[in-house]
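K.L.:
My structure is stored as start.cif, with mmCIF, C-alpha atoms.
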```cif
data_input
loop_
_atom_site.label_atom_id
_atom_site.label_comp_id
_atom_site.auth_asym_id
_atom_site.auth_seq_id
_atom_site.Cartn_x
_atom_site.Cartn_y
_atom_site.Cartn_z
CA MET A 1 99.37 -135.09 -276.87
CA ALA A 2 95.67 -134.28 -276.80
CA ARG A 3 93.96 -132.77 -279.82
CA VAL A 4 91.89 -129.62 -279.19
CA ALA A 5 89.32 -128.34 -281.68
CA PHE A 6 87.16 -125.21 -281.43
CA THR A 7 83.74 -124.42 -282.84
CA THR A 8 83.85 -122.65 -286.18
CA ASN A 9 81.62 -119.96 -284.68
CA LEU A 10 84.52 -118.93 -282.50
CA GLN A 11 86.83 -118.67 -285.50
CA ARG A 12 84.81 -115.66 -286.67
CA HIS A 13 86.07 -113.72 -283.65
CA VAL A 14 89.53 -115.10 -283.01
CA ALA A 15 91.74 -117.52 -284.89
CA CYS A 16 91.91 -120.83 -283.07
CA PRO A 17 92.99 -123.69 -285.33
CA THR A 18 92.89 -127.27 -284.13
CA GLN A 19 96.11 -128.10 -282.35
CA GLU A 20 97.83 -130.76 -280.28
CA VAL A 21 99.05 -129.87 -276.80
CA SER A 22 100.13 -131.63 -273.62
CA GLY A 23 98.20 -131.63 -270.37
CA SER A 24 96.67 -134.05 -267.89
CA THR A 25 93.48 -132.06 -267.22
CA VAL A 26 91.18 -129.88 -269.27
CA ARG A 27 92.58 -126.86 -267.43
CA ALA A 28 96.15 -127.80 -268.25
CA VAL A 29 95.31 -128.40 -271.90
CA LEU A 30 93.51 -125.06 -272.22
CA ASP A 31 96.31 -123.22 -270.44
CA ALA A 32 98.74 -124.69 -272.96
CA VAL A 33 96.55 -123.37 -275.78
CA PHE A 34 96.20 -119.93 -274.19
CA ALA A 35 99.97 -119.71 -273.71
CA THR A 36 100.34 -119.36 -277.46
CA ASN A 37 96.97 -117.67 -278.07
CA PRO A 38 96.26 -115.40 -275.07
CA ARG A 39 93.39 -113.53 -276.71
CA LEU A 40 91.40 -116.75 -276.89
CA ARG A 41 91.19 -117.08 -273.10
CA SER A 42 88.44 -114.55 -272.51
CA TYR A 43 86.28 -116.11 -275.22
CA VAL A 44 86.24 -119.48 -273.46
CA LEU A 45 86.65 -118.54 -269.77
CA ASP A 46 85.13 -115.75 -267.69
CA ASP A 47 86.95 -113.31 -265.38
CA GLN A 48 87.34 -116.04 -262.75
CA ASN A 49 88.69 -118.61 -265.20
CA ARG A 50 85.44 -120.56 -265.10
CA LEU A 51 84.06 -121.98 -268.32
CA ARG A 52 81.68 -119.44 -269.82
CA ARG A 53 78.08 -120.33 -269.17
CA HIS A 54 77.22 -120.77 -272.81
CA VAL A 55 80.34 -122.67 -273.80
CA HIS A 56 80.53 -126.47 -273.55
CA ILE A 57 83.58 -128.72 -273.58
CA TYR A 58 83.57 -132.40 -274.44
CA VAL A 59 86.39 -134.87 -273.91
CA ASN A 60 85.79 -137.38 -276.65
CA GLU A 61 82.04 -138.10 -276.43
CA SER A 62 81.53 -136.93 -272.82
CA ARG A 63 80.74 -133.45 -271.63
CA ILE A 64 83.08 -132.40 -268.84
CA ALA A 65 81.75 -132.52 -265.28
CA ASP A 66 83.72 -129.66 -263.74
CA SER A 67 83.07 -126.37 -265.55
CA VAL A 68 84.58 -124.35 -262.68
CA GLY A 69 87.85 -126.08 -261.88
CA LEU A 70 88.19 -127.82 -265.26
CA THR A 71 89.73 -130.79 -263.45
CA ASP A 72 88.40 -133.49 -265.78
CA PRO A 73 91.31 -135.78 -266.73
CA VAL A 74 92.80 -135.88 -270.20
CA ARG A 75 94.89 -138.63 -271.78
CA ASP A 76 97.32 -138.25 -274.62
CA SER A 77 94.99 -139.88 -277.12
CA ASP A 78 91.92 -137.78 -276.21
CA GLU A 79 90.11 -135.35 -278.44
CA ILE A 80 88.75 -132.18 -276.81
CA PHE A 81 85.98 -130.19 -278.43
CA VAL A 82 85.08 -126.64 -277.42
CA PHE A 83 81.54 -125.82 -278.55
CA GLN A 84 79.07 -123.04 -278.07
CA ALA A 85 75.97 -124.11 -276.23
CA LEU A 86 72.72 -123.88 -278.15
CA THR A 87 71.63 -121.05 -275.89
CA GLY A 88 72.75 -117.56 -275.15
CA GLY A 89 73.07 -116.17 -278.65
CA MET B 90 75.75 -79.72 -284.85
CA GLY B 91 75.53 -83.51 -284.82
CA GLU B 92 76.01 -84.77 -288.37
CA ARG B 93 76.65 -88.37 -287.43
CA ILE B 94 74.97 -90.97 -285.22
CA LEU B 95 76.50 -94.19 -283.97
CA LEU B 96 73.92 -96.83 -283.24
CA GLY B 97 74.68 -99.88 -281.10
CA THR B 98 72.10 -102.61 -281.64
CA ARG B 99 71.31 -106.21 -280.81
CA LYS B 100 72.83 -107.17 -284.15
CA GLY B 101 75.67 -104.80 -284.88
CA LEU B 102 76.97 -101.25 -285.10
CA PHE B 103 75.51 -98.76 -287.58
CA ASP B 104 77.14 -95.51 -288.66
CA ILE B 105 74.52 -93.01 -289.79
CA ARG B 106 75.39 -89.75 -291.51
CA ARG B 107 73.45 -86.68 -292.45
CA GLU B 108 73.57 -86.35 -296.23
CA GLY B 109 71.67 -83.62 -298.06
CA ASN B 110 68.39 -83.21 -296.23
CA GLY B 111 68.25 -86.67 -294.75
CA TRP B 112 70.09 -89.35 -292.84
CA GLN B 113 71.65 -92.40 -294.45
CA ILE B 114 72.96 -95.62 -292.97
CA GLY B 115 76.59 -95.88 -294.02
CA GLN B 116 79.21 -98.18 -292.59
CA THR B 117 78.23 -101.19 -290.53
CA ALA B 118 80.39 -103.32 -288.27
CA PHE B 119 80.04 -106.48 -286.20
CA LEU B 120 76.82 -107.52 -287.95
CA GLY B 121 75.14 -110.23 -285.93
CA ASP B 122 76.87 -109.33 -282.68
CA PRO B 123 75.24 -107.41 -279.82
CA ILE B 124 76.69 -103.94 -279.21
CA SER B 125 75.91 -102.63 -275.74
CA MET B 126 77.74 -99.31 -275.89
CA VAL B 127 79.41 -96.96 -278.37
CA LEU B 128 81.59 -93.91 -277.82
CA GLN B 129 83.55 -91.41 -279.85
CA ASP B 130 86.39 -89.79 -277.92
CA PRO B 131 86.27 -86.13 -278.98
CA ARG B 132 89.84 -85.63 -277.74
CA ASP B 133 91.45 -87.90 -280.33
CA GLY B 134 88.62 -89.13 -282.58
CA ALA B 135 88.91 -92.78 -281.54
CA LEU B 136 85.75 -94.88 -281.63
CA TYR B 137 84.92 -97.55 -279.05
CA ALA B 138 82.32 -100.32 -279.20
CA GLY B 139 81.39 -102.60 -276.33
CA GLN B 140 80.29 -106.06 -277.40
CA ALA B 141 78.31 -108.55 -275.36
CA LEU B 142 78.75 -111.75 -277.31
CA GLY B 143 76.07 -114.19 -276.29
CA HIS B 144 78.43 -117.12 -275.94
CA PHE B 145 81.89 -115.66 -275.69
CA GLY B 146 81.61 -112.77 -273.22
CA VAL B 147 82.18 -109.02 -273.33
CA LYS B 148 84.73 -107.52 -275.67
CA LEU B 149 85.92 -103.98 -276.32
CA GLN B 150 86.78 -102.79 -279.80
CA ARG B 151 88.57 -99.60 -280.81
CA SER B 152 88.93 -97.87 -284.16
CA THR B 153 91.50 -95.18 -284.85
CA ASP B 154 90.53 -94.77 -288.50
CA ASP B 155 86.96 -93.56 -287.99
CA GLY B 156 85.37 -96.99 -288.13
CA LYS B 157 87.06 -98.38 -291.23
CA SER B 158 88.81 -101.03 -289.14
CA TRP B 159 88.56 -102.19 -285.55
CA THR B 160 90.99 -103.74 -283.11
CA GLU B 161 90.05 -105.70 -280.02
CA ILE B 162 91.58 -104.21 -276.87
CA PRO B 163 91.35 -105.52 -273.32
CA ALA B 164 87.89 -105.24 -271.83
CA PRO B 165 87.42 -104.35 -268.16
CA ALA B 166 87.56 -107.52 -266.06
CA PHE B 167 87.63 -108.49 -262.42
CA LYS B 168 90.75 -110.01 -260.91
CA LYS B 169 90.72 -113.73 -260.20
CA GLN B 170 89.64 -114.43 -256.67
CA ASP B 171 90.80 -117.34 -254.55
CA ASP B 172 87.33 -118.88 -254.33
CA ASP B 173 85.01 -119.88 -257.14
CA GLU B 174 82.40 -117.24 -256.42
CA GLY B 175 84.13 -114.19 -257.87
CA PRO B 176 82.42 -111.73 -260.21
CA SER B 177 82.71 -111.58 -263.98
CA VAL B 178 81.77 -108.68 -266.22
CA SER B 179 78.68 -109.49 -268.25
CA SER B 180 78.12 -106.11 -269.94
CA LEU B 181 79.98 -102.91 -270.71
CA PHE B 182 77.00 -100.78 -269.83
CA SER B 183 78.34 -97.23 -269.76
CA LEU B 184 81.46 -95.71 -271.27
CA GLU B 185 82.61 -92.10 -271.04
CA THR B 186 85.75 -90.10 -271.63
CA GLY B 187 87.59 -88.34 -268.84
CA GLY B 188 87.98 -84.59 -268.92
CA ASN B 189 89.74 -82.64 -271.65
CA ASP B 190 92.73 -82.38 -269.32
CA GLN B 191 92.92 -86.19 -269.01
CA SER B 192 94.12 -87.51 -272.34
CA GLY B 193 93.50 -91.23 -272.63
CA VAL B 194 91.29 -91.48 -269.55
CA LEU B 195 88.13 -93.55 -269.98
CA TRP B 196 85.50 -94.61 -267.44
CA CYS B 197 83.51 -97.81 -267.90
CA GLY B 198 80.49 -98.90 -265.87
CA THR B 199 79.61 -102.56 -266.00
CA ILE B 200 77.14 -105.18 -265.02
CA PRO B 201 77.50 -106.50 -262.25
CA GLY B 202 78.32 -103.06 -260.83
CA GLY B 203 82.08 -102.64 -261.19
CA LEU B 204 83.37 -99.22 -262.21
CA PHE B 205 86.63 -99.33 -264.16
CA LEU B 206 89.17 -96.64 -265.13
CA SER B 207 91.64 -96.66 -267.98
CA LYS B 208 94.43 -94.11 -268.28
CA ASP B 209 95.76 -95.41 -271.60
CA HIS B 210 92.93 -95.28 -274.14
CA GLY B 211 91.55 -98.62 -272.97
CA GLU B 212 94.77 -100.61 -273.23
CA SER B 213 94.41 -101.53 -269.54
CA TRP B 214 91.72 -101.14 -266.90
CA SER B 215 91.62 -100.90 -263.12
CA LEU B 216 88.62 -101.65 -260.95
CA ILE B 217 87.72 -98.71 -258.70
CA GLU B 218 88.14 -100.71 -255.53
CA SER B 219 86.92 -97.93 -253.25
CA LEU B 220 83.43 -98.12 -254.77
CA TRP B 221 83.40 -101.89 -255.21
CA ASN B 222 84.37 -102.35 -251.56
CA ALA B 223 81.92 -99.77 -250.19
CA PRO B 224 79.78 -101.55 -247.56
CA GLU B 225 76.65 -100.05 -249.09
CA ARG B 226 77.26 -102.01 -252.30
CA GLN B 227 76.10 -105.16 -250.53
CA GLU B 228 72.58 -103.71 -250.72
CA TRP B 229 72.68 -103.11 -254.48
CA PHE B 230 70.63 -105.38 -256.69
CA GLY B 231 69.68 -105.73 -260.31
CA GLY B 232 66.71 -104.14 -262.02
CA GLY B 233 65.86 -105.24 -265.53
CA THR B 234 69.45 -106.38 -265.92
CA GLY B 235 69.51 -109.11 -263.27
CA GLU B 236 72.63 -107.81 -261.56
CA PRO B 237 73.46 -104.22 -260.54
CA ALA B 238 74.29 -101.99 -263.49
CA ILE B 239 76.32 -98.78 -263.57
CA ASP B 240 74.35 -97.08 -266.31
CA SER B 241 75.46 -93.44 -266.17
CA ILE B 242 78.81 -91.69 -265.67
CA CYS B 243 78.97 -87.87 -265.57
CA VAL B 244 82.40 -86.25 -265.58
CA ASP B 245 82.17 -82.66 -264.32
CA PRO B 246 83.42 -80.33 -267.08
CA ARG B 247 84.61 -77.87 -264.38
CA ASP B 248 86.72 -80.47 -262.58
CA SER B 249 87.40 -83.84 -264.15
CA ARG B 250 88.25 -85.36 -260.76
CA HIS B 251 84.58 -84.94 -259.87
CA VAL B 252 82.61 -87.85 -261.27
CA THR B 253 78.99 -88.81 -260.58
CA VAL B 254 77.71 -92.29 -261.39
CA ALA B 255 74.27 -93.85 -261.23
CA VAL B 256 73.47 -97.46 -260.42
CA SER B 257 70.41 -99.53 -261.19
CA CYS B 258 69.69 -100.38 -258.37
CA GLY B 259 72.23 -98.67 -256.12
CA GLY B 260 71.59 -94.92 -256.05
CA VAL B 261 73.86 -92.07 -257.11
CA TRP B 262 77.53 -91.91 -256.10
CA GLN B 263 80.06 -89.08 -256.34
CA THR B 264 83.79 -88.83 -256.10
CA GLN B 265 85.73 -85.57 -255.85
CA ASP B 266 89.14 -87.22 -256.15
CA ARG B 267 88.90 -89.34 -259.31
CA GLY B 268 87.64 -92.39 -257.54
CA GLY B 269 89.64 -92.31 -254.34
CA THR B 270 86.61 -91.82 -252.10
CA TRP B 271 82.87 -91.89 -252.74
CA GLN B 272 79.70 -90.41 -251.31
CA LEU B 273 76.19 -91.77 -251.77
CA THR B 274 73.99 -88.87 -252.86
CA ALA B 275 70.48 -90.06 -253.68
CA GLU B 276 68.66 -88.07 -251.00
CA GLY B 277 65.13 -87.28 -252.06
CA MET B 278 64.60 -90.35 -254.22
CA TYR B 279 62.13 -92.99 -253.16
CA ALA B 280 61.45 -96.57 -254.19
CA GLU B 281 57.87 -97.79 -254.53
CA TYR B 282 59.11 -101.33 -255.12
CA MET B 283 60.60 -101.67 -251.63
CA PRO B 284 59.03 -102.37 -248.24
CA PRO B 285 57.81 -99.09 -246.69
CA GLN B 286 60.66 -99.03 -244.18
CA ARG B 287 63.20 -99.08 -247.01
CA ARG B 288 61.40 -96.63 -249.33
CA ASN B 289 63.92 -93.83 -248.88
CA ASP B 290 67.01 -96.03 -248.59
CA GLN B 291 69.54 -94.32 -250.87
CA ARG B 292 71.42 -97.56 -251.46
CA ILE B 293 68.70 -99.26 -253.50
CA GLN B 294 67.35 -96.48 -255.68
CA ASP B 295 66.83 -97.66 -259.24
CA VAL B 296 68.28 -94.90 -261.40
CA HIS B 297 67.55 -95.94 -264.95
CA ARG B 298 69.50 -93.04 -266.40
CA MET B 299 71.15 -89.82 -265.18
CA VAL B 300 72.34 -86.90 -267.31
CA GLN B 301 74.18 -83.68 -266.45
CA CYS B 302 73.85 -80.33 -268.25
CA PRO B 303 77.30 -79.58 -269.71
CA ALA B 304 76.88 -75.80 -269.39
CA ARG B 305 75.40 -75.98 -265.87
CA PRO B 306 76.83 -79.13 -264.32
CA ASP B 307 74.96 -78.67 -261.04
CA ALA B 308 71.78 -79.43 -262.98
CA LEU B 309 71.10 -83.15 -263.34
CA TRP B 310 68.05 -85.14 -264.37
CA VAL B 311 67.17 -88.73 -263.56
CA GLN B 312 64.68 -91.17 -265.01
CA HIS B 313 64.10 -93.46 -262.06
CA HIS B 314 62.15 -96.70 -262.00
CA ASN B 315 59.21 -95.03 -260.33
CA GLY B 316 59.50 -91.44 -261.42
CA VAL B 317 61.53 -88.51 -262.63
CA PHE B 318 63.88 -86.59 -260.33
CA ARG B 319 65.83 -83.39 -260.74
CA SER B 320 68.79 -81.91 -258.88
CA THR B 321 69.94 -78.31 -259.01
CA ASP B 322 72.68 -78.64 -256.41
CA GLY B 323 75.11 -81.02 -258.05
CA ALA B 324 73.23 -84.20 -257.10
CA ARG B 325 73.47 -83.53 -253.39
CA SER B 326 69.66 -83.61 -253.20
CA TRP B 327 66.87 -84.62 -255.57
CA GLN B 328 63.34 -83.42 -256.06
CA GLU B 329 60.61 -85.46 -257.70
CA VAL B 330 59.10 -84.13 -260.91
CA THR B 331 55.35 -84.73 -260.88
CA ALA B 332 54.17 -82.78 -263.92
CA ILE B 333 55.51 -85.25 -266.50
CA ARG B 334 52.92 -86.69 -268.87
CA PRO B 335 51.55 -89.14 -269.94
CA SER B 336 53.33 -91.30 -267.33
CA LYS B 337 56.30 -91.15 -265.04
CA PHE B 338 57.90 -94.51 -265.96
CA GLY B 339 60.61 -94.76 -268.57
CA PHE B 340 64.26 -95.44 -269.17
CA ALA B 341 65.80 -92.59 -271.16
CA VAL B 342 66.44 -88.91 -270.46
CA ALA B 343 68.38 -86.23 -272.32
CA VAL B 344 69.22 -82.72 -271.14
CA HIS B 345 69.81 -79.65 -273.30
CA PRO B 346 73.56 -78.93 -273.48
CA LYS B 347 73.13 -75.24 -272.65
CA ASP B 348 69.74 -74.90 -270.96
CA PRO B 349 69.48 -76.86 -267.70
CA ASP B 350 65.70 -76.39 -267.61
CA THR B 351 65.12 -78.27 -270.87
CA ALA B 352 65.00 -82.08 -270.83
CA TRP B 353 63.36 -84.90 -272.77
CA PHE B 354 61.89 -88.22 -271.63
CA VAL B 355 60.16 -91.18 -273.32
CA PRO B 356 57.39 -92.29 -270.97
CA GLY B 357 55.78 -95.70 -270.90
CA ILE B 358 53.48 -97.80 -268.76
CA LYS B 359 55.34 -99.01 -265.71
CA ASP B 360 56.76 -101.68 -265.03
CA GLU B 361 54.77 -104.84 -265.40
CA ARG B 362 53.83 -104.00 -269.01
CA ARG B 363 56.51 -101.70 -270.40
CA ILE B 364 54.75 -100.44 -273.49
CA PRO B 365 53.86 -96.89 -274.56
CA VAL B 366 50.74 -95.44 -272.94
CA ASP B 367 47.74 -96.25 -275.19
CA ALA B 368 50.25 -97.80 -277.65
CA LYS B 369 51.20 -94.28 -278.78
CA LEU B 370 54.88 -93.39 -278.75
CA VAL B 371 55.52 -89.88 -277.46
CA VAL B 372 58.35 -87.78 -276.07
CA ALA B 373 57.81 -85.59 -273.02
CA ARG B 374 59.72 -82.30 -273.02
CA THR B 375 60.03 -79.63 -270.39
CA ARG B 376 61.49 -76.19 -271.08
CA ASP B 377 60.78 -74.63 -267.71
CA GLY B 378 62.57 -76.83 -265.25
CA ALA B 379 59.78 -79.42 -264.97
CA ARG B 380 56.92 -77.10 -264.11
CA THR B 381 55.19 -78.08 -267.36
CA PHE B 382 55.70 -80.69 -270.08
CA ASP B 383 54.89 -80.81 -273.78
CA VAL B 384 53.83 -84.21 -275.11
CA LEU B 385 55.45 -84.47 -278.56
CA SER B 386 54.05 -86.91 -281.09
CA THR B 387 54.44 -85.43 -284.59
CA GLY B 388 56.15 -88.02 -286.75
CA LEU B 389 55.96 -90.74 -284.10
CA PRO B 390 53.65 -93.77 -284.43
CA GLN B 391 50.30 -93.22 -282.73
CA ASN B 392 48.59 -96.51 -283.53
CA HIS B 393 49.66 -99.89 -282.12
CA ALA B 394 53.18 -98.72 -281.32
CA TYR B 395 55.03 -100.90 -278.83
CA ASP B 396 58.45 -99.32 -279.03
CA LEU B 397 60.45 -98.87 -275.86
CA VAL B 398 63.45 -96.58 -275.77
CA TYR B 399 66.09 -98.02 -273.50
CA ARG B 400 68.22 -95.91 -271.20
CA HIS B 401 70.99 -95.26 -273.71
CA GLY B 402 68.61 -94.99 -276.65
CA LEU B 403 68.07 -91.21 -276.63
CA ASP B 404 70.72 -88.58 -277.31
CA VAL B 405 70.89 -84.86 -278.00
CA ASP B 406 73.56 -83.07 -280.00
CA ASP B 407 75.62 -80.09 -278.91
CA THR B 408 73.07 -77.57 -280.23
CA GLY B 409 70.14 -79.01 -278.30
CA GLU B 410 68.04 -78.98 -281.47
CA ARG B 411 68.86 -82.40 -282.87
CA LEU B 412 67.90 -85.51 -280.97
CA ALA B 413 68.01 -89.14 -282.02
CA MET B 414 65.96 -91.95 -280.56
CA GLY B 415 66.24 -95.70 -281.20
CA SER B 416 63.73 -98.27 -280.04
CA THR B 417 63.43 -101.90 -279.07
CA THR B 418 61.58 -102.63 -282.28
CA GLY B 419 64.33 -101.30 -284.50
CA HIS B 420 63.11 -97.82 -285.29
CA LEU B 421 65.36 -94.78 -285.37
CA TRP B 422 63.89 -91.29 -285.35
CA VAL B 423 65.64 -87.93 -285.53
CA THR B 424 64.30 -84.47 -284.73
CA GLU B 425 65.97 -81.28 -285.86
CA ASN B 426 63.70 -78.89 -283.96
CA GLY B 427 64.04 -79.97 -280.37
CA GLY B 428 61.39 -82.65 -280.62
CA ASP B 429 58.57 -80.70 -282.23
CA SER B 430 58.59 -83.16 -285.13
CA TRP B 431 60.38 -86.43 -285.76
CA THR B 432 61.55 -88.18 -288.92
CA LEU B 433 61.94 -91.93 -289.25
CA VAL B 434 65.46 -92.79 -290.39
CA GLY B 435 65.22 -96.58 -290.23
CA GLY B 436 62.36 -98.92 -289.48
CA ASN B 437 63.84 -102.36 -289.89
CA LEU B 438 66.93 -102.12 -287.75
CA PRO B 439 67.74 -104.56 -284.95
CA PRO B 440 66.62 -103.63 -281.43
CA VAL B 441 68.54 -100.52 -280.41
CA ASN B 442 70.69 -100.49 -277.28
CA CYS B 443 72.61 -97.26 -277.66
CA VAL B 444 72.39 -94.02 -279.68
CA ARG B 445 75.14 -91.44 -279.79
CA PHE B 446 75.74 -88.26 -281.75
CA CYS B 447 79.32 -87.60 -282.68
#
```
I need this file expressed as structure tokens, please.

P.N.:
Amino acid sequence: MARVAFTTNLQRHVACPTQEVSGSTVRAVLDAVFATNPRLRSYVLDDQNRLRRHVHIYVNESRIADSVGLTDPVRDSDEIFVFQALTGG
Amino acid sequence: MGERILLGTRKGLFDIRREGNGWQIGQTAFLGDPISMVLQDPRDGALYAGQALGHFGVKLQRSTDDGKSWTEIPAPAFKKQDDDEGPSVSSLFSLETGGNDQSGVLWCGTIPGGLFLSKDHGESWSLIESLWNAPERQEWFGGGTGEPAIDSICVDPRDSRHVTVAVSCGGVWQTQDRGGTWQLTAEGMYAEYMPPQRRNDQRIQDVHRMVQCPARPDALWVQHHNGVFRSTDGARSWQEVTAIRPSKFGFAVAVHPKDPDTAWFVPGIKDERRIPVDAKLVVARTRDGARTFDVLSTGLPQNHAYDLVYRHGLDVDDTGERLAMGSTTGHLWVTENGGDSWTLVGGNLPPVNCVRFC
């Protein structure tokens, strides 16, 4: 299972503790998180399920390439970090 | 008489009450977070606050205990489209209650130009497809907001199915059947910022703000990008107001709740500079249907003042005597004599987006 962690700045608005979920892509991993925490979805994704412009996701040390489809692959041992970009505040 | 002001700012929501002879900042909420819109529903007392979180999108909050606690409820959102180019709401830019006969009905205007309706106190929202799919919408564009913005929603107190909305930049639209069908009614407005052939195109008029006189709903006033316009026939036609001083550019307008000939504006230098004329903040008031204007300055800064009052930053209470005005530099002024003199309530607030008596 992949480990997903969220910026502490997001915790101020909605509870989103670090958790381990299954999924072979970033989209699948996030959908698994949102299945148990539906309110979190709109904080990370926009109306069209694209990554919000001022939110960044890293898989391990690499920023994901596909912020629209969220098709970047994920392996069981990966760590996924959801950050706020240093813009847009 | 308005004894309370809700203030939506760049850094939170402020609840301001009249106490003794003055006004005091009381409760605060969402400190640090931008609030684009506030509303009190007079039908049930609920409070609503639209947030535009810089990183995490728009949110809608509701309080049913007069602001002591808030609960996030669903915000208006577009449906997922099949392609990757679909729209996403970036601001809750206008929010109004339906008529007194429509318990739970709310209207919300957004950036990028979607109008949404809730019939259940904001628990769910539906896009008004008939307006979104109007062919004329393809001509809309953004003004200061980047994308088209529905900035004003006027529900006719005589018939709550009759709703008039204003778009920056997309003209004035009316429905007689609660959003089933729409008519574009911006005849008489003109746009200096367009090529000459498109000057009178109703579809691209930049209506910064539109207000309707509650006692005489056929009387409406508009602060447009390049001037002030007035309608006396229910927005079917518009006439330019040329007597306004010291300039015709601005964002905000308020109309007296009982007297359709009395309205207030906050003029500034258009549009490349957007500062008060001669760096003196003034309010322009007409009491005779725009034939003449008073320029009101008592209590307002007249030396190196660079305050702008945005389109939702001026409000009038139900007596027409009290007005409140919040500025981009974090000042809040109140008048209790129709604008003859103003008192500074707060001078170190965040930039003000929205002012509402309740």

K.L.:
Could you produce a table of the residues of chain A lying within 12 Å of chain B, with the nearest pair of atoms per residue and their separation in Å rounded to one decimal, using only C-alpha atoms, ordered by chain and increasing residue number, as a Markdown table?

P.N.:
```
| residue | atom | partner | partner_atom | distance |
| --- | --- | --- | --- | --- |
| A:Thr7 | CA | B:His144 | CA | 11.4 |
| A:Asn9 | CA | B:His144 | CA | 9.7 |
| A:Leu10 | CA | B:Phe145 | CA | 8.0 |
| A:Gln11 | CA | B:Phe145 | CA | 11.4 |
| A:Arg12 | CA | B:Phe119 | CA | 10.4 |
| A:His13 | CA | B:Phe145 | CA | 9.2 |
| A:Val14 | CA | B:Glu161 | CA | 9.9 |
| A:Pro38 | CA | B:Pro163 | CA | 11.2 |
| A:Arg39 | CA | B:Pro163 | CA | 8.9 |
| A:Leu40 | CA | B:Phe145 | CA | 9.6 |
| A:Arg41 | CA | B:Phe145 | CA | 9.8 |
| A:Ser42 | CA | B:Gly146 | CA | 7.1 |
| A:Tyr43 | CA | B:Phe145 | CA | 4.4 |
| A:Val44 | CA | B:Phe145 | CA | 6.2 |
| A:Leu45 | CA | B:Phe145 | CA | 8.1 |
| A:Asp46 | CA | B:Ser177 | CA | 6.1 |
| A:Asp47 | CA | B:Ser177 | CA | 4.8 |
| A:Gln48 | CA | B:Lys169 | CA | 4.8 |
| A:Asn49 | CA | B:Lys169 | CA | 7.3 |
| A:Arg50 | CA | B:Asp173 | CA | 8.0 |
| A:Leu51 | CA | B:Phe145 | CA | 9.9 |
| A:Arg52 | CA | B:Phe145 | CA | 7.0 |
| A:Arg53 | CA | B:His144 | CA | 7.5 |
| A:His54 | CA | B:His144 | CA | 5.0 |
| A:Val55 | CA | B:His144 | CA | 6.2 |
| A:His56 | CA | B:His144 | CA | 9.9 |
| A:Asp66 | CA | B:Asp173 | CA | 11.9 |
| A:Ser67 | CA | B:Asp173 | CA | 10.8 |
| A:Val68 | CA | B:Asp173 | CA | 7.1 |
| A:Gly69 | CA | B:Asp173 | CA | 8.3 |
| A:Leu70 | CA | B:Asp173 | CA | 11.8 |
| A:Val82 | CA | B:Phe145 | CA | 11.6 |
| A:Phe83 | CA | B:His144 | CA | 9.6 |
| A:Gln84 | CA | B:His144 | CA | 6.3 |
| A:Ala85 | CA | B:His144 | CA | 7.4 |
| A:Leu86 | CA | B:His144 | CA | 9.1 |
| A:Thr87 | CA | B:His144 | CA | 7.9 |
| A:Gly88 | CA | B:Gly143 | CA | 4.9 |
| A:Gly89 | CA | B:Gly143 | CA | 4.3 |
```

K.L.:
Please determine, counting all atoms listed in the file, which residue among B:Gly91, B:Gly378, B:Gly198, B:Gly427 has the shortest atom-to-atom distance to Glu185 (chain B).

P.N.:
B:Gly198

K.L.:
Could you check the closest approach to Asn189 (chain B) for each of B:Ile239, B:Gly232, B:Arg132, B:Asp245 and tell me which residue wins, using all atoms listed in the file?

P.N.:
B:Arg132

K.L.:
Can you give me, as a PDB file with C-alpha atoms, keeping the file's coordinate frame, the residues this file yields under the PyMOL selection byres ((chain A and resi 61) around 10)?

P.N.:
```
ATOM      1  CA  ILE A  57      83.580-128.720-273.580  1.00  0.00           C
ATOM      2  CA  TYR A  58      83.570-132.400-274.440  1.00  0.00           C
ATOM      3  CA  VAL A  59      86.390-134.870-273.910  1.00  0.00           C
ATOM      4  CA  ASN A  60      85.790-137.380-276.650  1.00  0.00           C
ATOM      5  CA  SER A  62      81.530-136.930-272.820  1.00  0.00           C
ATOM      6  CA  ARG A  63      80.740-133.450-271.630  1.00  0.00           C
ATOM      7  CA  ILE A  64      83.080-132.400-268.840  1.00  0.00           C
ATOM      8  CA  ASP A  78      91.920-137.780-276.210  1.00  0.00           C
ATOM      9  CA  GLU A  79      90.110-135.350-278.440  1.00  0.00           C
ATOM     10  CA  ILE A  80      88.750-132.180-276.810  1.00  0.00           C
ATOM     11  CA  PHE A  81      85.980-130.190-278.430  1.00  0.00           C
TER      12      PHE A  81
END
```

K.L.:
What are the closest atom pairs, with distances in Å to one decimal, for all residues of region 120-226 of chain B lying within 12 Å of region 282-301 of chain B? Consider all atoms listed in the file, order rows by chain and residue number, and present the result as a Markdown table.

P.N.:
```
| residue | atom | partner | partner_atom | distance |
| --- | --- | --- | --- | --- |
| B:Phe182 | CA | B:Arg298 | CA | 11.3 |
| B:Ser183 | CA | B:Arg298 | CA | 10.3 |
| B:Ala223 | CA | B:Arg292 | CA | 10.8 |
| B:Pro224 | CA | B:Arg292 | CA | 10.1 |
| B:Glu225 | CA | B:Arg292 | CA | 6.3 |
| B:Arg226 | CA | B:Arg292 | CA | 7.4 |
```

K.L.:
Using the file's own x, y and z axes, what box holds all listed atoms of region 337-346 of chain B with 5 Å on each side, keeping edges along x, y and z, and what are its centre and edge lengths in Å to one decimal, as AutoDock Vina command-line options?

P.N.:
```
--center_x 64.9 --center_y -87.2 --center_z -269.3 --size_x 27.3 --size_y 26.5 --size_z 18.4
```
